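Asks: Have a peek at structure_28.txt (compact mmCIF, C-alpha atoms).
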```txt
# COMPACT_ATOMS: atom_id res chain seq x y z
CA MET A 1338 51.11 150.01 128.76
CA LEU A 1339 51.65 146.28 128.94
CA PRO A 1340 52.26 144.74 132.37
CA VAL A 1341 55.84 143.67 133.03
CA LEU A 1342 56.39 139.93 132.82
CA MET A 1343 57.36 138.03 135.95
CA PHE A 1344 60.07 135.43 135.64
CA PRO A 1345 58.59 131.89 135.58
CA GLN A 1346 59.59 129.96 138.66
CA PHE A 1347 61.54 127.17 137.01
CA ASP A 1348 63.09 124.49 139.18
CA PRO A 1349 66.82 124.46 138.35
CA VAL A 1350 66.80 120.70 139.06
CA LEU A 1351 65.30 118.64 136.26
CA VAL A 1352 64.96 115.38 138.18
CA HIS A 1353 66.15 113.75 141.42
CA PHE A 1354 67.54 110.25 141.65
CA GLY A 1355 67.77 109.85 145.40
CA PRO A 1356 70.57 112.14 146.57
CA LEU A 1357 71.62 112.76 142.96
CA ALA A 1358 70.15 115.83 141.28
CA VAL A 1359 70.28 116.35 137.51
CA ARG A 1360 70.26 120.10 136.83
CA TRP A 1361 69.21 121.84 133.65
CA TYR A 1362 72.64 123.47 133.48
CA ALA A 1363 74.44 120.13 133.51
CA LEU A 1364 71.97 118.72 131.00
CA SER A 1365 72.67 121.61 128.62
CA TYR A 1366 76.39 120.74 128.65
CA ILE A 1367 75.73 117.02 128.13
CA LEU A 1368 73.17 117.55 125.37
CA GLY A 1369 75.28 120.20 123.66
CA ILE A 1370 78.33 117.94 123.52
CA VAL A 1371 76.37 114.86 122.40
CA LEU A 1372 74.49 116.72 119.64
CA GLY A 1373 77.72 118.43 118.63
CA ILE A 1374 79.53 115.11 118.22
CA MET A 1375 76.61 113.71 116.19
CA LEU A 1376 76.84 116.67 113.83
CA LEU A 1377 80.65 116.43 113.74
CA ARG A 1378 80.38 112.85 112.47
CA LYS A 1379 78.43 114.09 109.44
CA LEU A 1380 80.66 117.12 108.85
CA LEU A 1381 83.84 115.06 108.87
CA ALA A 1382 82.39 112.87 106.13
CA LEU A 1383 82.07 115.84 103.76
CA ARG A 1384 84.78 116.37 101.16
CA PRO A 1385 87.53 117.30 101.53
CA ARG A 1386 87.56 114.89 104.45
CA ALA A 1387 89.13 116.20 107.64
CA GLY A 1388 88.70 113.02 109.67
CA THR A 1389 86.56 109.94 110.14
CA THR A 1390 83.35 109.25 112.03
CA GLU A 1391 85.34 107.02 114.38
CA LEU A 1392 87.62 109.95 115.22
CA ALA A 1393 84.56 112.07 116.00
CA ASP A 1394 83.56 109.50 118.61
CA ASP A 1395 87.08 109.47 120.04
CA PHE A 1396 87.03 113.28 120.26
CA LEU A 1397 84.06 113.15 122.65
CA THR A 1398 86.28 112.53 125.69
CA TRP A 1399 88.82 115.13 124.64
CA VAL A 1400 86.29 117.91 124.06
CA THR A 1401 84.43 117.13 127.30
CA ILE A 1402 87.61 117.54 129.33
CA GLY A 1403 88.54 120.67 127.37
CA VAL A 1404 85.16 122.32 127.97
CA LEU A 1405 84.94 121.52 131.67
CA VAL A 1406 88.55 122.21 132.66
CA GLY A 1407 88.96 125.22 130.38
CA GLY A 1408 85.58 126.71 131.28
CA ARG A 1409 86.22 126.43 135.01
CA LEU A 1410 89.81 127.67 134.96
CA GLY A 1411 88.80 130.50 132.63
CA TYR A 1412 86.19 131.68 135.12
CA VAL A 1413 88.69 131.44 137.95
CA LEU A 1414 91.43 133.37 136.14
CA PHE A 1415 89.36 135.89 134.16
CA TYR A 1416 86.64 136.79 136.65
CA GLN A 1417 87.54 136.06 140.29
CA PRO A 1418 91.27 135.25 140.56
CA SER A 1419 91.76 136.91 143.96
CA TYR A 1420 88.90 134.99 145.56
CA TYR A 1421 89.98 131.59 144.26
CA LEU A 1422 93.64 132.20 145.12
CA SER A 1423 92.56 132.64 148.74
CA HIS A 1424 90.02 129.76 148.51
CA PRO A 1425 91.72 127.22 146.19
CA LEU A 1426 89.45 124.30 147.16
CA SER A 1427 86.47 126.31 145.89
CA ILE A 1428 87.79 125.82 142.37
CA LEU A 1429 86.50 122.24 142.56
CA GLU A 1430 82.99 123.33 143.63
CA VAL A 1431 81.60 123.48 140.12
CA TRP A 1432 78.07 122.73 141.38
CA HIS A 1433 77.92 126.34 142.60
CA GLY A 1434 78.28 127.55 139.00
CA GLY A 1435 81.01 129.64 137.45
CA MET A 1436 82.03 128.71 133.91
CA SER A 1437 83.60 130.94 131.29
CA PHE A 1438 82.97 130.54 127.57
CA HIS A 1439 86.33 132.09 126.70
CA GLY A 1440 88.08 129.66 129.03
CA GLY A 1441 86.08 126.78 127.58
CA ALA A 1442 87.07 127.91 124.08
CA LEU A 1443 90.74 127.83 125.05
CA GLY A 1444 90.19 124.37 126.54
CA VAL A 1445 88.60 123.09 123.33
CA ILE A 1446 91.39 124.62 121.21
CA THR A 1447 93.97 122.89 123.39
CA ALA A 1448 92.07 119.60 123.06
CA MET A 1449 91.96 119.99 119.25
CA VAL A 1450 95.69 120.76 119.06
CA LEU A 1451 96.56 117.65 121.03
CA PHE A 1452 93.98 115.50 119.26
CA THR A 1453 95.02 116.47 115.72
CA TRP A 1454 98.70 116.04 116.65
CA ARG A 1455 97.94 112.61 118.11
CA TYR A 1456 96.10 111.42 114.98
CA LYS A 1457 98.12 113.44 112.43
CA LEU A 1458 95.18 115.50 111.16
CA ASN A 1459 95.05 118.97 109.64
CA PHE A 1460 94.29 121.16 112.66
CA LEU A 1461 92.46 123.97 110.84
CA ALA A 1462 90.37 121.59 108.72
CA PHE A 1463 89.32 119.68 111.84
CA ALA A 1464 88.67 122.93 113.74
CA ASP A 1465 86.36 124.10 110.94
CA ARG A 1466 84.11 121.10 111.48
CA VAL A 1467 84.16 121.40 115.26
CA THR A 1468 83.30 125.10 115.37
CA VAL A 1469 80.19 124.59 113.25
CA ALA A 1470 78.79 122.45 116.07
CA VAL A 1471 79.84 124.69 118.98
CA PRO A 1472 76.85 127.11 118.81
CA ILE A 1473 74.52 124.22 119.63
CA GLY A 1474 76.02 124.01 123.11
CA LEU A 1475 76.14 127.79 123.44
CA GLY A 1476 72.45 128.15 122.70
CA LEU A 1477 71.47 125.39 125.12
CA GLY A 1478 73.74 126.80 127.82
CA ARG A 1479 72.11 130.24 127.62
CA LEU A 1480 68.67 128.64 127.84
CA ALA A 1481 69.85 126.91 131.03
CA ASN A 1482 71.02 130.29 132.37
CA PHE A 1483 67.50 131.61 131.77
CA ILE A 1484 65.88 128.64 133.50
CA ASN A 1485 68.19 129.21 136.48
CA GLY A 1486 67.20 132.90 136.57
CA GLU A 1487 70.87 133.94 136.44
CA LEU A 1488 72.97 136.27 134.31
CA TRP A 1489 69.97 138.50 133.69
CA GLY A 1490 70.07 141.71 131.72
CA ARG A 1491 70.26 145.41 132.44
CA GLU A 1492 67.27 147.53 133.35
CA ALA A 1493 64.73 147.68 130.52
CA PRO A 1494 61.97 150.20 129.84
CA VAL A 1495 58.59 149.07 131.15
CA SER A 1496 57.21 149.60 127.65
CA LEU A 1497 59.31 146.71 126.36
CA PRO A 1498 56.83 143.86 125.81
CA TRP A 1499 59.25 141.18 127.01
CA ALA A 1500 60.79 143.11 129.92
CA MET A 1501 60.94 140.77 132.89
CA ILE A 1502 61.41 140.95 136.64
CA PHE A 1503 63.85 138.31 137.90
CA PRO A 1504 63.66 137.08 141.53
CA THR A 1505 67.32 137.88 142.20
CA GLY A 1506 67.39 141.04 140.07
CA GLY A 1507 65.41 143.34 142.28
CA PRO A 1508 61.99 144.90 141.55
CA ILE A 1509 63.01 146.54 138.26
CA PRO A 1510 62.18 145.16 134.79
CA ARG A 1511 65.19 143.77 132.97
CA HIS A 1512 66.19 142.50 129.54
CA PRO A 1513 66.08 138.66 129.34
CA SER A 1514 69.58 138.84 127.90
CA GLN A 1515 70.07 135.09 128.28
CA LEU A 1516 67.49 134.62 125.51
CA TYR A 1517 69.19 137.27 123.37
CA GLU A 1518 72.43 135.32 123.68
CA SER A 1519 70.77 131.99 123.02
CA LEU A 1520 69.30 133.34 119.78
CA THR A 1521 72.40 135.18 118.53
CA GLU A 1522 75.38 133.19 119.87
CA GLY A 1523 73.42 129.96 119.48
CA LEU A 1524 70.75 129.74 116.79
CA LEU A 1525 71.81 132.58 114.46
CA LEU A 1526 75.52 131.75 114.57
CA PHE A 1527 74.78 128.07 113.99
CA LEU A 1528 72.60 128.78 110.94
CA ILE A 1529 75.30 131.00 109.43
CA LEU A 1530 78.09 128.48 110.02
CA PHE A 1531 76.05 125.46 108.96
CA THR A 1532 74.94 127.16 105.75
CA ALA A 1533 78.53 128.15 104.96
CA SER A 1534 79.76 124.62 105.72
CA ARG A 1535 77.56 123.23 102.93
CA ARG A 1536 79.72 125.00 100.34
CA LEU A 1537 82.70 123.02 99.04
CA SER A 1538 84.53 126.25 98.19
CA VAL A 1539 84.46 127.16 101.89
CA ARG A 1540 85.51 123.73 103.18
CA GLU A 1541 88.47 123.70 100.77
CA HIS A 1542 90.10 126.55 102.73
CA PRO A 1543 90.87 125.23 106.23
CA GLY A 1544 90.47 127.85 108.92
CA PHE A 1545 87.79 129.92 107.20
CA LEU A 1546 84.87 128.45 109.16
CA ALA A 1547 86.83 128.60 112.41
CA GLY A 1548 87.62 132.25 111.72
CA MET A 1549 83.97 132.91 110.90
CA PHE A 1550 83.01 131.38 114.24
CA LEU A 1551 85.50 133.49 116.20
CA ALA A 1552 84.47 136.71 114.49
CA GLY A 1553 80.77 135.84 114.62
CA TYR A 1554 80.82 134.99 118.30
CA GLY A 1555 82.85 138.08 119.09
CA CYS A 1556 80.25 140.27 117.38
CA ALA A 1557 77.23 138.47 118.86
CA ARG A 1558 78.57 138.42 122.42
CA SER A 1559 79.74 142.05 122.28
CA PHE A 1560 76.28 143.10 121.07
CA CYS A 1561 74.48 141.15 123.80
CA GLU A 1562 76.76 142.61 126.46
CA PHE A 1563 75.00 145.96 125.92
CA PHE A 1564 71.87 144.34 127.39
CA ARG A 1565 73.49 142.05 129.97
CA GLU A 1566 74.12 143.20 133.54
CA PRO A 1567 77.86 142.99 134.30
CA ASP A 1568 78.94 140.69 137.12
CA SER A 1569 78.56 142.51 140.44
CA PHE A 1570 82.13 141.75 141.48
CA LEU A 1571 83.49 143.27 138.24
CA GLY A 1572 81.11 145.97 137.10
CA TYR A 1573 82.15 148.08 134.14
CA LEU A 1574 85.74 148.37 132.99
CA PRO A 1575 87.32 151.70 131.93
CA GLY A 1576 85.44 153.17 129.01
CA GLY A 1577 82.17 151.53 130.03
CA ILE A 1578 82.97 148.18 128.42
CA THR A 1579 82.48 144.83 130.11
CA MET A 1580 84.86 141.94 130.66
CA GLY A 1581 82.93 139.93 128.08
CA GLN A 1582 83.47 142.61 125.44
CA LEU A 1583 87.14 142.90 126.32
CA LEU A 1584 87.67 139.15 125.92
CA CYS A 1585 85.78 139.17 122.61
CA LEU A 1586 88.05 141.77 121.02
CA PRO A 1587 91.00 139.39 120.42
CA MET A 1588 88.51 136.77 119.17
CA LEU A 1589 87.17 139.19 116.58
CA VAL A 1590 90.66 140.20 115.41
CA ALA A 1591 91.85 136.57 115.30
CA GLY A 1592 88.71 135.51 113.42
CA ILE A 1593 89.11 138.12 110.70
CA GLY A 1594 92.81 137.35 110.38
CA LEU A 1595 92.16 133.62 110.17
CA MET A 1596 89.58 134.05 107.40
CA LEU A 1597 91.98 136.19 105.37
CA TYR A 1598 94.76 133.65 105.94
CA ALA A 1599 92.54 130.73 104.91
CA ARG A 1600 91.47 132.32 101.63
CA ARG A 1601 95.10 132.79 100.60
CA GLN A 1602 96.11 129.19 101.20
CA PRO A 1603 96.15 126.42 98.55
CA ILE A 1604 93.05 124.28 98.21
CA TYR A 1605 92.96 121.49 100.79
CA VAL A 1606 92.48 118.06 99.22
CA GLY A 1607 91.69 116.27 102.48
CA LEU A 1608 92.19 112.71 103.60
CA PRO A 1609 91.77 109.96 101.01
CA ASP A 1610 88.30 108.48 100.80
CA PRO A 1611 88.27 104.88 102.14
CA GLN A 1612 86.32 103.85 99.04
CA ASP A 1613 89.19 105.04 96.87
CA GLN A 1614 91.74 102.88 98.67
CA PRO A 1615 92.84 99.69 96.89
CA ALA A 1616 91.62 96.52 98.52
CA GLU A 1617 94.23 94.58 100.46
CA LYS A 1618 95.34 91.31 98.91
CA ASN A 1619 95.12 88.15 100.96
```
Represent the supplied structure as structure tokens.
Replies:
Amino acid sequence: MLPVLMFPQFDPVLVHFGPLAVRWYALSYILGIVLGIMLLRKLLALRPRAGTTELADDFLTWVTIGVLVGGRLGYVLFYQPSYYLSHPLSILEVWHGGMSFHGGALGVITAMVLFTWRYKLNFLAFADRVTVAVPIGLGLGRLANFINGELWGREAPVSLPWAMIFPTGGPIPRHPSQLYESLTEGLLLFLILFTASRRLSVREHPGFLAGMFLAGYGCARSFCEFFREPDSFLGYLPGGITMGQLLCLPMLVAGIGLMLYARRQPIYVGLPDPQDQPAEKN
């Protein structure tokens, strides 16, 4: 029998600048958004064009606000509404943790609706490009959860080679479910979406990639929830499901519906290529 692994004692703070501490968790958000915008610039340039590289840069502020505000409010409303209603100032204490992917997703969707309305873009075509980049941040965020030693998994058999004992998880071996999520919701989902985005026949049907993301995330998260320990203040819901699985159900249904809808729509021709525009006369 292999010995059970002990959780490496990572320092959740990457570096100190005087009183300012840069945490791995914050870095994962920053790096995920920056890398996502860099990829979005390249995706928007693919035909049929859904935007410009300049618009990708402009979207940086919008998506940052959407992720942070939506993620925090989603955690407050979906997971601990009674606590935060009685302690409203605690909503602002984001340094104590507490972000919800589903809330962040709603925040990003809201940002995309407003952004595409502001710049008169096709919402679904723009959303397709954005969702391809989202798993980058998801994967990095789950790695940060692992470094912090939080959101660990359920009890695992001691025969499991990668079973691990977490400092805050008691003396029992557990699944490192954060790594499962990083690999499935992050790396695997990104590879699937990125590969699909290379096909012109997929990009010509706005909404298909966004639907694939919703359905793919719903499946990946629901699967990983079987290995992840539910939040102590929630536990299991009726039927033995978790809050994460419950919130993923409408995502899965919406994703499948969106893919079917996209395939039935006319081919999207996209924005005109700047090179095809006639030169202005002086």
Asks: Quote the spacing between CA of Arg1409 (chain A) and CA of Gly1444 (chain A) in Å to one decimal place.
Replies: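 Going from CA of Arg1409 (chain A) over to CA of Gly1444 (chain A), I get 9.6 Å.
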Asks: Have a look at CA of Gly1553 (chain A) and CA of Gly1440 (chain A) and let me know their distance in Å, one decimal.
Replies: 17.3 Å
Asks: Given the choices A:Met1375, A:Ala1557, A:Leu1383, A:Leu1368, which gets closest to Cys1585 (chain A) if the distance is worked out from all atoms listed in the file?
Replies: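 Checking each candidate against Cys1585 (chain A), we get A:Ala1557 as the closest.
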Asks: May I ask which of the residues A:Leu1488, A:Ile1593, A:Leu1537, A:Met1436 is the closest one to Pro1385 (chain A), counting only C-alpha atoms?
Replies: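 Smallest distance to Pro1385 (chain A) is found for A:Leu1537.
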Asks: Need the axis-aligned box for region 1574-1590 of chain A with 4 Å each side, so what are the centre and edges in Å to one decimal, as JSON?
Replies:
```
{"center_x": 86.6, "center_y": 145.0, "center_z": 124.2, "size_x": 16.8, "size_y": 24.4, "size_z": 25.6}
```
Asks: Measure the distance from CA of Ile1473 (chain A) to CA of Val1606 (chain A) in Å and round it to one decimal.
Replies: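 Going from CA of Ile1473 (chain A) over to CA of Val1606 (chain A) covers 27.9 Å.
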Asks: Choose the residue, out of A:Leu1597, A:Ala1547, A:Ile1484, A:Leu1477, that has the smallest atom-to-atom separation from Pro1504 (chain A); count all atoms listed in the file.
Replies: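 Nearest candidate to Pro1504 (chain A) out of A:Leu1597, A:Ala1547, A:Ile1484, A:Leu1477: A:Ile1484.
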Asks: Would you mind telling me which residue in A:Leu1586, A:Ser1365, A:Ala1382, A:Gly1544 lies nearest to Ser1519 (chain A) when using all atoms listed in the file?
Replies: A:Ser1365
Asks: Hey, what's within 9 Å of Ala1464 (chain A) if we count only C-alpha atoms and toss same-chain stuff fewer than 2 positions away? As a PyMOL selection string, please?
Replies: chain A and resi 1446+1449+1459-1462+1466-1469+1543-1544+1546-1547
Asks: Find, counting all atoms listed in the file, the residue in A:Pro1425, A:Gly1576, A:Pro1349, A:Gly1388 that gets nearest to Pro1609 (chain A).
Replies: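 Result for the nearest residue to Pro1609 (chain A): A:Gly1388.
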Asks: Show which residues sit within 10 Å of Thr1389 (chain A), as a ChimeraX atom specification. Count all atoms listed in the file, and ignore same-chain residues fewer than 6 positions away.
Replies: /A:1377-1383,1395,1608,1610-1611
Asks: Leu1405 (chain A): which residues within 12 Å, counting all atoms listed in the file, same-chain residues fewer than 6 positions away excluded, as a list in words?
Replies: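 Near neighbours after the sequence-gap exclusion: Ala1363, Tyr1366, Ile1367, Ile1370, Thr1398, Trp1399, Gly1411, Tyr1412, Ile1428, Leu1429, Val1431, Trp1432, Gly1434, Gly1435, Met1436, Ser1437, Phe1438, His1439, Gly1440, Gly1441, Ala1442, Leu1443, Gly1444, Val1445 and Ala1448 of chain A.
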Asks: At a cut-off of 12 Å from (64.0, 119.9, 133.0) in the coordinates of the file, what residues are picked up using all atoms listed in the file, written as a compact mmCIF listing (two decimals) with C-alpha atoms, in the coordinates of the input?
Replies:
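Generated file (out38.txt):
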```
# COMPACT_ATOMS: atom_id res chain seq x y z
CA PHE A 1347 61.54 127.17 137.01
CA ASP A 1348 63.09 124.49 139.18
CA PRO A 1349 66.82 124.46 138.35
CA VAL A 1350 66.80 120.70 139.06
CA LEU A 1351 65.30 118.64 136.26
CA VAL A 1352 64.96 115.38 138.18
CA HIS A 1353 66.15 113.75 141.42
CA ALA A 1358 70.15 115.83 141.28
CA VAL A 1359 70.28 116.35 137.51
CA ARG A 1360 70.26 120.10 136.83
CA TRP A 1361 69.21 121.84 133.65
CA TYR A 1362 72.64 123.47 133.48
CA ALA A 1363 74.44 120.13 133.51
CA LEU A 1364 71.97 118.72 131.00
CA SER A 1365 72.67 121.61 128.62
CA LEU A 1480 68.67 128.64 127.84
CA ALA A 1481 69.85 126.91 131.03
CA ILE A 1484 65.88 128.64 133.50
CA ASN A 1485 68.19 129.21 136.48
```
Asks: Per residue of region 1406-1495 of chain A within 12 Å of region 1509-1515 of chain A, record the nearest atom pair and its distance in Å to one decimal, counting all atoms listed in the file, with rows in chain order and ascending residue number, as CSV.
Replies:
```
residue,atom,partner,partner_atom,distance
A:Leu1475,CA,A:Gln1515,CA,10.7
A:Gly1476,CA,A:Gln1515,CA,9.2
A:Leu1477,CA,A:Gln1515,CA,10.3
A:Gly1478,CA,A:Gln1515,CA,9.1
A:Arg1479,CA,A:Gln1515,CA,5.3
A:Leu1480,CA,A:Gln1515,CA,6.6
A:Ala1481,CA,A:Gln1515,CA,8.6
A:Asn1482,CA,A:Gln1515,CA,6.4
A:Phe1483,CA,A:Gln1515,CA,5.6
A:Ile1484,CA,A:Gln1515,CA,9.3
A:Asn1485,CA,A:Gln1515,CA,10.3
A:Gly1486,CA,A:Gln1515,CA,9.0
A:Glu1487,CA,A:Gln1515,CA,8.3
A:Leu1488,CA,A:Gln1515,CA,6.8
A:Trp1489,CA,A:Ser1514,CA,5.8
A:Gly1490,CA,A:His1512,CA,4.5
A:Arg1491,CA,A:Arg1511,CA,5.4
A:Glu1492,CA,A:Arg1511,CA,4.3
A:Ala1493,CA,A:Arg1511,CA,4.6
A:Pro1494,CA,A:Pro1510,CA,7.1
A:Val1495,CA,A:Pro1510,CA,6.4
```
Asks: Out of A:Val1590, A:Cys1561, A:Phe1570, A:Ile1578, which residue has the shortest atom-to-atom distance to Tyr1420 (chain A) when counting all atoms listed in the file?
Replies: A:Phe1570
Asks: In file coordinates, which residues lie within 9 Å of (59.1, 136.9, 134.3) using only C-alpha atoms, given as a VMD selection string?
Replies: chain A and resid 1341 to 1346 1499 to 1504 1510 1513
